[in-house]
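One file, data.txt, is given below (compact mmCIF, C-alpha atoms).
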# COMPACT_ATOMS: atom_id res chain seq x y z
CA ASP Z 1226 101.19 88.21 110.55
CA ALA Z 1227 98.63 90.76 109.53
CA GLY Z 1228 98.26 91.38 105.85
CA VAL Z 1229 97.92 94.71 104.12
CA THR Z 1230 95.26 96.83 105.79
CA GLN Z 1231 93.31 99.69 104.25
CA SER Z 1232 90.84 102.20 105.58
CA PRO Z 1233 88.10 103.05 105.17
CA THR Z 1234 86.49 100.05 103.47
CA HIS Z 1235 83.77 102.10 101.82
CA LEU Z 1236 83.35 105.78 101.17
CA ILE Z 1237 80.70 107.95 99.53
CA LYS Z 1238 81.63 111.45 98.39
CA THR Z 1239 80.15 114.09 96.12
CA ARG Z 1240 81.77 115.69 93.12
CA GLY Z 1241 84.36 118.31 93.97
CA GLN Z 1242 85.19 116.90 97.39
CA HIS Z 1243 88.52 115.41 98.33
CA VAL Z 1244 89.30 112.06 99.86
CA THR Z 1245 92.16 110.46 101.79
CA LEU Z 1246 92.69 106.73 101.70
CA ARG Z 1247 95.08 104.95 104.05
CA CYS Z 1248 97.18 101.83 103.83
CA SER Z 1249 99.45 99.89 106.15
CA PRO Z 1250 101.78 97.39 104.49
CA ILE Z 1251 102.72 93.94 105.67
CA SER Z 1252 105.24 94.11 108.49
CA GLY Z 1253 108.73 94.33 107.04
CA HIS Z 1254 107.58 95.49 103.62
CA LYS Z 1255 109.02 98.83 102.58
CA SER Z 1256 107.25 99.43 99.30
CA VAL Z 1257 103.64 100.46 98.80
CA SER Z 1258 101.84 100.76 95.49
CA TRP Z 1259 98.40 102.13 94.74
CA TYR Z 1260 96.07 100.89 92.02
CA GLN Z 1261 92.65 101.94 90.79
CA GLN Z 1262 90.24 99.28 89.62
CA VAL Z 1263 87.17 100.39 87.75
CA LEU Z 1264 84.34 97.88 87.47
CA GLY Z 1265 85.03 95.34 84.73
CA GLN Z 1266 88.69 96.31 84.32
CA GLY Z 1267 91.98 95.16 85.75
CA PRO Z 1268 93.77 97.30 88.33
CA GLN Z 1269 95.63 100.31 86.94
CA PHE Z 1270 98.85 101.56 88.52
CA ILE Z 1271 98.70 104.96 90.21
CA PHE Z 1272 101.80 105.33 92.43
CA GLN Z 1273 104.64 103.43 93.98
CA TYR Z 1274 106.53 104.55 97.07
CA TYR Z 1275 109.68 103.13 98.56
CA GLU Z 1276 111.41 104.47 101.67
CA LYS Z 1277 109.16 107.54 101.58
CA GLU Z 1278 110.21 108.42 98.05
CA GLU Z 1279 107.96 108.30 95.00
CA ARG Z 1280 109.39 105.67 92.71
CA GLY Z 1281 106.80 105.79 89.97
CA ARG Z 1282 103.60 107.43 88.87
CA GLY Z 1283 101.03 106.14 86.44
CA ASN Z 1284 98.96 108.07 83.95
CA PHE Z 1285 96.76 109.89 86.45
CA PRO Z 1286 96.06 113.64 86.77
CA ASP Z 1287 97.68 115.83 89.39
CA ARG Z 1288 94.50 115.61 91.45
CA PHE Z 1289 95.97 112.33 92.66
CA SER Z 1290 98.78 112.51 95.16
CA ALA Z 1291 100.29 110.19 97.74
CA ARG Z 1292 102.92 109.95 100.39
CA GLN Z 1293 104.63 107.38 102.54
CA PHE Z 1294 105.42 107.78 106.19
CA PRO Z 1295 108.48 106.64 108.20
CA ASN Z 1296 106.57 103.56 109.36
CA TYR Z 1297 105.97 102.71 105.65
CA SER Z 1298 102.23 103.33 105.82
CA SER Z 1299 100.84 105.41 103.01
CA GLU Z 1300 98.07 107.80 102.09
CA LEU Z 1301 96.45 108.39 98.73
CA ASN Z 1302 94.74 111.73 98.27
CA VAL Z 1303 92.34 112.63 95.51
CA ASN Z 1304 91.16 116.23 95.10
CA ALA Z 1305 88.23 117.67 93.15
CA LEU Z 1306 86.54 114.31 92.83
CA LEU Z 1307 84.86 113.39 89.57
CA LEU Z 1308 82.20 110.78 88.94
CA GLY Z 1309 84.81 108.77 87.04
CA ASP Z 1310 86.90 108.43 90.21
CA SER Z 1311 84.38 105.92 91.51
CA ALA Z 1312 86.37 102.70 91.79
CA LEU Z 1313 88.02 100.19 94.07
CA TYR Z 1314 91.33 101.60 95.29
CA LEU Z 1315 93.85 98.95 96.06
CA CYS Z 1316 97.03 99.18 98.06
CA ALA Z 1317 99.76 96.58 97.55
CA SER Z 1318 102.93 96.05 99.53
CA SER Z 1319 106.15 94.28 98.67
CA LEU Z 1320 109.53 93.67 100.27
CA ASP Z 1321 111.27 95.43 97.40
CA LYS Z 1322 114.75 94.02 97.06
CA GLY Z 1323 115.18 95.95 93.83
CA THR Z 1324 114.58 92.99 91.56
CA ASN Z 1325 111.85 92.47 89.01
CA GLN Z 1326 110.61 89.39 90.86
CA GLU Z 1327 108.87 91.27 93.62
CA THR Z 1328 105.51 89.88 94.58
CA GLN Z 1329 102.89 92.43 95.47
CA TYR Z 1330 100.25 91.57 98.04
CA PHE Z 1331 96.99 93.45 97.94
CA GLY Z 1332 94.91 94.84 100.75
CA PRO Z 1333 91.12 94.54 100.86
CA GLY Z 1334 90.68 97.83 99.05
CA THR Z 1335 88.61 100.96 99.58
CA ARG Z 1336 85.48 101.22 97.50
CA LEU Z 1337 84.86 104.86 96.61
CA LEU Z 1338 81.58 106.07 95.20
CA VAL Z 1339 81.37 109.63 93.90
CA LEU Z 1340 77.88 111.03 93.49
CA GLN A 1396 102.29 101.51 77.44
CA LYS A 1397 102.43 97.81 78.13
CA GLU A 1398 99.42 95.85 77.01
CA VAL A 1399 98.20 92.67 78.60
CA GLU A 1400 95.41 90.82 76.87
CA GLN A 1401 93.36 87.98 78.29
CA ASN A 1402 90.85 85.71 76.60
CA SER A 1403 87.59 87.53 76.96
CA GLY A 1404 85.51 84.87 78.62
CA PRO A 1405 83.39 84.29 80.49
CA LEU A 1406 84.64 80.75 80.75
CA SER A 1407 82.35 78.05 82.09
CA VAL A 1408 83.53 74.52 82.92
CA PRO A 1409 82.01 71.61 84.82
CA GLU A 1410 83.35 70.54 88.18
CA GLY A 1411 86.37 68.29 87.79
CA ALA A 1412 87.35 69.66 84.36
CA ILE A 1413 90.50 71.53 83.41
CA ALA A 1414 90.11 75.30 83.04
CA SER A 1415 92.57 77.03 80.72
CA LEU A 1416 93.18 80.75 81.03
CA ASN A 1417 95.36 82.59 78.54
CA CYS A 1418 97.24 85.86 78.47
CA THR A 1419 99.44 87.65 75.95
CA TYR A 1420 101.63 90.67 76.55
CA SER A 1421 103.14 93.28 74.30
CA ASP A 1422 106.53 94.03 75.89
CA ARG A 1423 108.95 91.42 74.59
CA VAL A 1424 111.46 91.99 77.39
CA SER A 1425 109.00 91.53 80.27
CA GLN A 1426 110.50 89.26 82.92
CA SER A 1427 107.95 88.53 85.62
CA PHE A 1428 104.42 87.26 85.34
CA PHE A 1429 101.70 86.78 87.92
CA TRP A 1430 98.26 85.28 88.15
CA TYR A 1431 95.82 86.72 90.67
CA ARG A 1432 92.37 85.46 91.58
CA GLN A 1433 89.68 87.98 92.45
CA TYR A 1434 86.38 86.96 93.95
CA SER A 1435 83.45 89.29 93.35
CA GLY A 1436 83.70 92.31 95.61
CA LYS A 1437 87.12 91.30 96.95
CA SER A 1438 90.71 92.26 96.23
CA PRO A 1439 93.16 90.28 94.06
CA GLU A 1440 94.86 87.31 95.69
CA LEU A 1441 98.13 85.94 94.32
CA ILE A 1442 97.94 82.41 92.92
CA MET A 1443 101.18 81.96 90.98
CA SER A 1444 104.26 83.79 89.84
CA ILE A 1445 106.47 82.61 86.99
CA TYR A 1446 109.73 84.03 85.69
CA SER A 1447 111.27 81.37 83.40
CA ASN A 1448 110.06 79.64 80.28
CA GLY A 1449 108.26 76.39 80.89
CA ASP A 1450 105.80 75.11 83.44
CA LYS A 1451 105.44 75.80 87.13
CA GLU A 1452 103.10 73.68 89.18
CA ASP A 1453 101.52 74.40 92.55
CA GLY A 1454 98.83 71.98 93.61
CA ARG A 1455 96.00 72.06 91.10
CA PHE A 1456 97.45 75.12 89.37
CA THR A 1457 100.02 75.14 86.56
CA ALA A 1458 101.41 78.29 85.05
CA GLN A 1459 103.04 78.09 81.61
CA LEU A 1460 105.30 80.74 80.14
CA ASN A 1461 106.53 81.09 76.58
CA LYS A 1462 108.53 84.30 76.23
CA ALA A 1463 109.18 83.79 72.52
CA SER A 1464 105.45 83.81 71.89
CA GLN A 1465 104.82 86.41 74.63
CA TYR A 1466 102.27 84.10 76.12
CA VAL A 1467 101.45 82.97 79.64
CA SER A 1468 98.68 80.65 80.71
CA LEU A 1469 97.13 79.19 83.83
CA LEU A 1470 95.67 75.72 83.98
CA ILE A 1471 93.38 74.71 86.82
CA ARG A 1472 92.99 70.96 87.15
CA ASP A 1473 90.05 69.30 88.87
CA SER A 1474 88.18 72.60 88.88
CA GLN A 1475 85.95 73.23 91.88
CA PRO A 1476 82.98 75.57 92.28
CA SER A 1477 85.14 77.52 94.76
CA ASP A 1478 87.46 78.34 91.83
CA SER A 1479 84.70 80.50 90.34
CA ALA A 1480 86.23 83.97 90.22
CA THR A 1481 87.89 86.45 87.90
CA TYR A 1482 91.50 85.60 87.07
CA LEU A 1483 93.86 88.49 86.43
CA CYS A 1484 97.10 88.18 84.50
CA ALA A 1485 99.78 90.71 85.50
CA VAL A 1486 103.15 91.57 84.00
CA SER A 1487 105.78 93.52 85.89
CA GLY A 1488 107.56 96.52 84.47
CA ARG A 1489 111.31 96.86 84.16
CA GLY A 1490 113.80 99.71 84.07
CA SER A 1491 111.99 102.96 84.80
CA THR A 1492 108.75 101.06 85.37
CA LEU A 1493 110.25 98.47 87.70
CA GLY A 1494 107.82 97.60 90.46
CA ARG A 1495 104.69 98.36 88.50
CA LEU A 1496 102.22 95.66 87.58
CA TYR A 1497 100.28 95.85 84.34
CA PHE A 1498 97.04 93.91 84.42
CA GLY A 1499 94.74 92.42 81.84
CA ARG A 1500 91.00 92.90 82.14
CA GLY A 1501 90.59 89.48 83.67
CA THR A 1502 88.76 86.33 82.65
CA GLN A 1503 85.67 85.36 84.59
CA LEU A 1504 85.57 81.65 85.35
CA THR A 1505 82.47 79.77 86.45
CA VAL A 1506 82.73 76.17 87.60
CA TRP A 1507 79.35 74.51 87.74
CA PRO A 1508 78.59 71.45 89.89
How does the structure come out when it is put into structure tokens?
Amino acid sequence: DAGVTQSPTHLIKTRGQHVTLRCSPISGHKSVSWYQQVLGQGPQFIFQYYEKEERGRGNFPDRFSARQFPNYSSELNVNALLLGDSALYLCASSLDKGTNQETQYFGPGTRLLVL
Amino acid sequence: QKEVEQNSGPLSVPEGAIASLNCTYSDRVSQSFFWYRQYSGKSPELIMSIYSNGDKEDGRFTAQLNKASQYVSLLIRDSQPSDSATYLCAVSGRGSTLGRLYFGRGTQLTVWP
């Protein structure tokens, strides 16, 4: 089975632009979460979606938005890019049975550089 | 805001030694704990999950959980150079934050031949 896939793998943008990152979860997984990982730090939670509904949002500004599609794939959008948005953006999928023992599996990530 | 702290590292051990990685967390009622390995330039890869107090073994890896002390550790026996990576400790949220993972900064491990 294919794992979590993300596109693009790398992206260079300039300040003020917007970006759309894409993620396809593992087949059968209904939940997708997005994380931002700045160099030297652990991943930080941005969003979680389940069955097309936003289940949770981390401490990120409104410039960050996301959605999930009927096939459970997801997009993360970031508007008005800042230099500080440069990071590795990770998508994780899980089966989501509603327990706290869900294992999240990460995709390869999208490395975003804002100049 | 949940806090997850890991020993700062970097940690350097010789091949064949035991590497010990430690993690503490602030939320006393946290239930689920995960160790991920992240090679440089790559994404995190799950190594172990642990939910109950005590030890959980999987091959050369042993996770230990002590909820009373809010402490979780990962032991790597017979360390190999291929184990050289950053190890991330993650704690899952509960209630309104169910499904979120809270990560430590990671501990960089180097295993030298």
- Task: Compile the contact shell of segment 1451-1465 of chain A as a VMD selection string: residues with an atom at most 9 Å away, counting all atoms listed in the file, same-chain residues fewer than 2 positions apart removed.
- Result: chain A and resid 1418 to 1426 1428 to 1430 1442 to 1449 1467 to 1474
- Message: One number please: atom CA of Ser1256 of chain Z to atom CA of Leu1320 of chain Z, in Å, one decimal.
- Response: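 Taking atom CA of Ser1256 of chain Z as the start and atom CA of Leu1320 of chain Z as the end point, the length is 6.3 Å.
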- Contact set, chain Z to chain A: 7 Å, all atoms listed in the file, as an MDAnalysis selection string: chainID Z and resid 1265:1270 1281 1325:1326 1331:1334
Is there a way to get, as a compact mmCIF listing (two decimals) with C-alpha atoms, keeping the file's coordinate frame, all residues within 9 Å of the point (104.8, 104.3, 106.4) in file coordinates, counting only C-alpha atoms?
# COMPACT_ATOMS: atom_id res chain seq x y z
CA CYS Z 1248 97.18 101.83 103.83
CA SER Z 1249 99.45 99.89 106.15
CA PRO Z 1250 101.78 97.39 104.49
CA LYS Z 1255 109.02 98.83 102.58
CA SER Z 1256 107.25 99.43 99.30
CA VAL Z 1257 103.64 100.46 98.80
CA GLU Z 1276 111.41 104.47 101.67
CA LYS Z 1277 109.16 107.54 101.58
CA ARG Z 1292 102.92 109.95 100.39
CA GLN Z 1293 104.63 107.38 102.54
CA PHE Z 1294 105.42 107.78 106.19
CA PRO Z 1295 108.48 106.64 108.20
CA ASN Z 1296 106.57 103.56 109.36
CA TYR Z 1297 105.97 102.71 105.65
CA SER Z 1298 102.23 103.33 105.82
CA SER Z 1299 100.84 105.41 103.01
CA GLU Z 1300 98.07 107.80 102.09
- Task: Could you give me, as a VMD selection string, the residues that have an atom at most 12 Å away from the point (76.5, 80.1, 80.0) in the coordinates of the file, using all atoms listed in the file?
- Result: chain A and resid 1404 to 1409 1503 to 1507
Step by step, gather every atom of segment 1251-1265 of chain Z that the file lists, find the box along x, y and z that holds them, add 6 Å on each side, and finally give centre and edge lengths in Å to one decimal, as JSON.
{"center_x": 96.7, "center_y": 98.0, "center_z": 96.6, "size_x": 36.7, "size_y": 20.2, "size_z": 35.8}
- Message: Residues within 12 Å of Pro1286 of chain Z, please, as a PyMOL selection string. Count all atoms listed in the file; anything in the same chain fewer than 2 positions from it doesn't count.
- Response: chain Z and resi 1271-1272+1282-1284+1288-1290+1302-1307+1310
- Task: Could you please determine the separation between atom CA of Gln1262 of chain Z and atom CA of Gln1242 of chain Z in Å, to one decimal place?
- Result: 19.9 Å
- Item | Z:Leu1264, Z:Val1339, Z:Ala1227, Z:Cys1316 ranked by distance to Arg1240 of chain Z, top pick (using only C-alpha atoms) | Z:Val1339
- Query: So how many Å separate atom CA of Ser1479 of chain A and atom CA of Arg1336 of chain Z, to one decimal?
  - Reply: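 Taking atom CA of Ser1479 of chain A and atom CA of Arg1336 of chain Z, their separation equals 21.9 Å.
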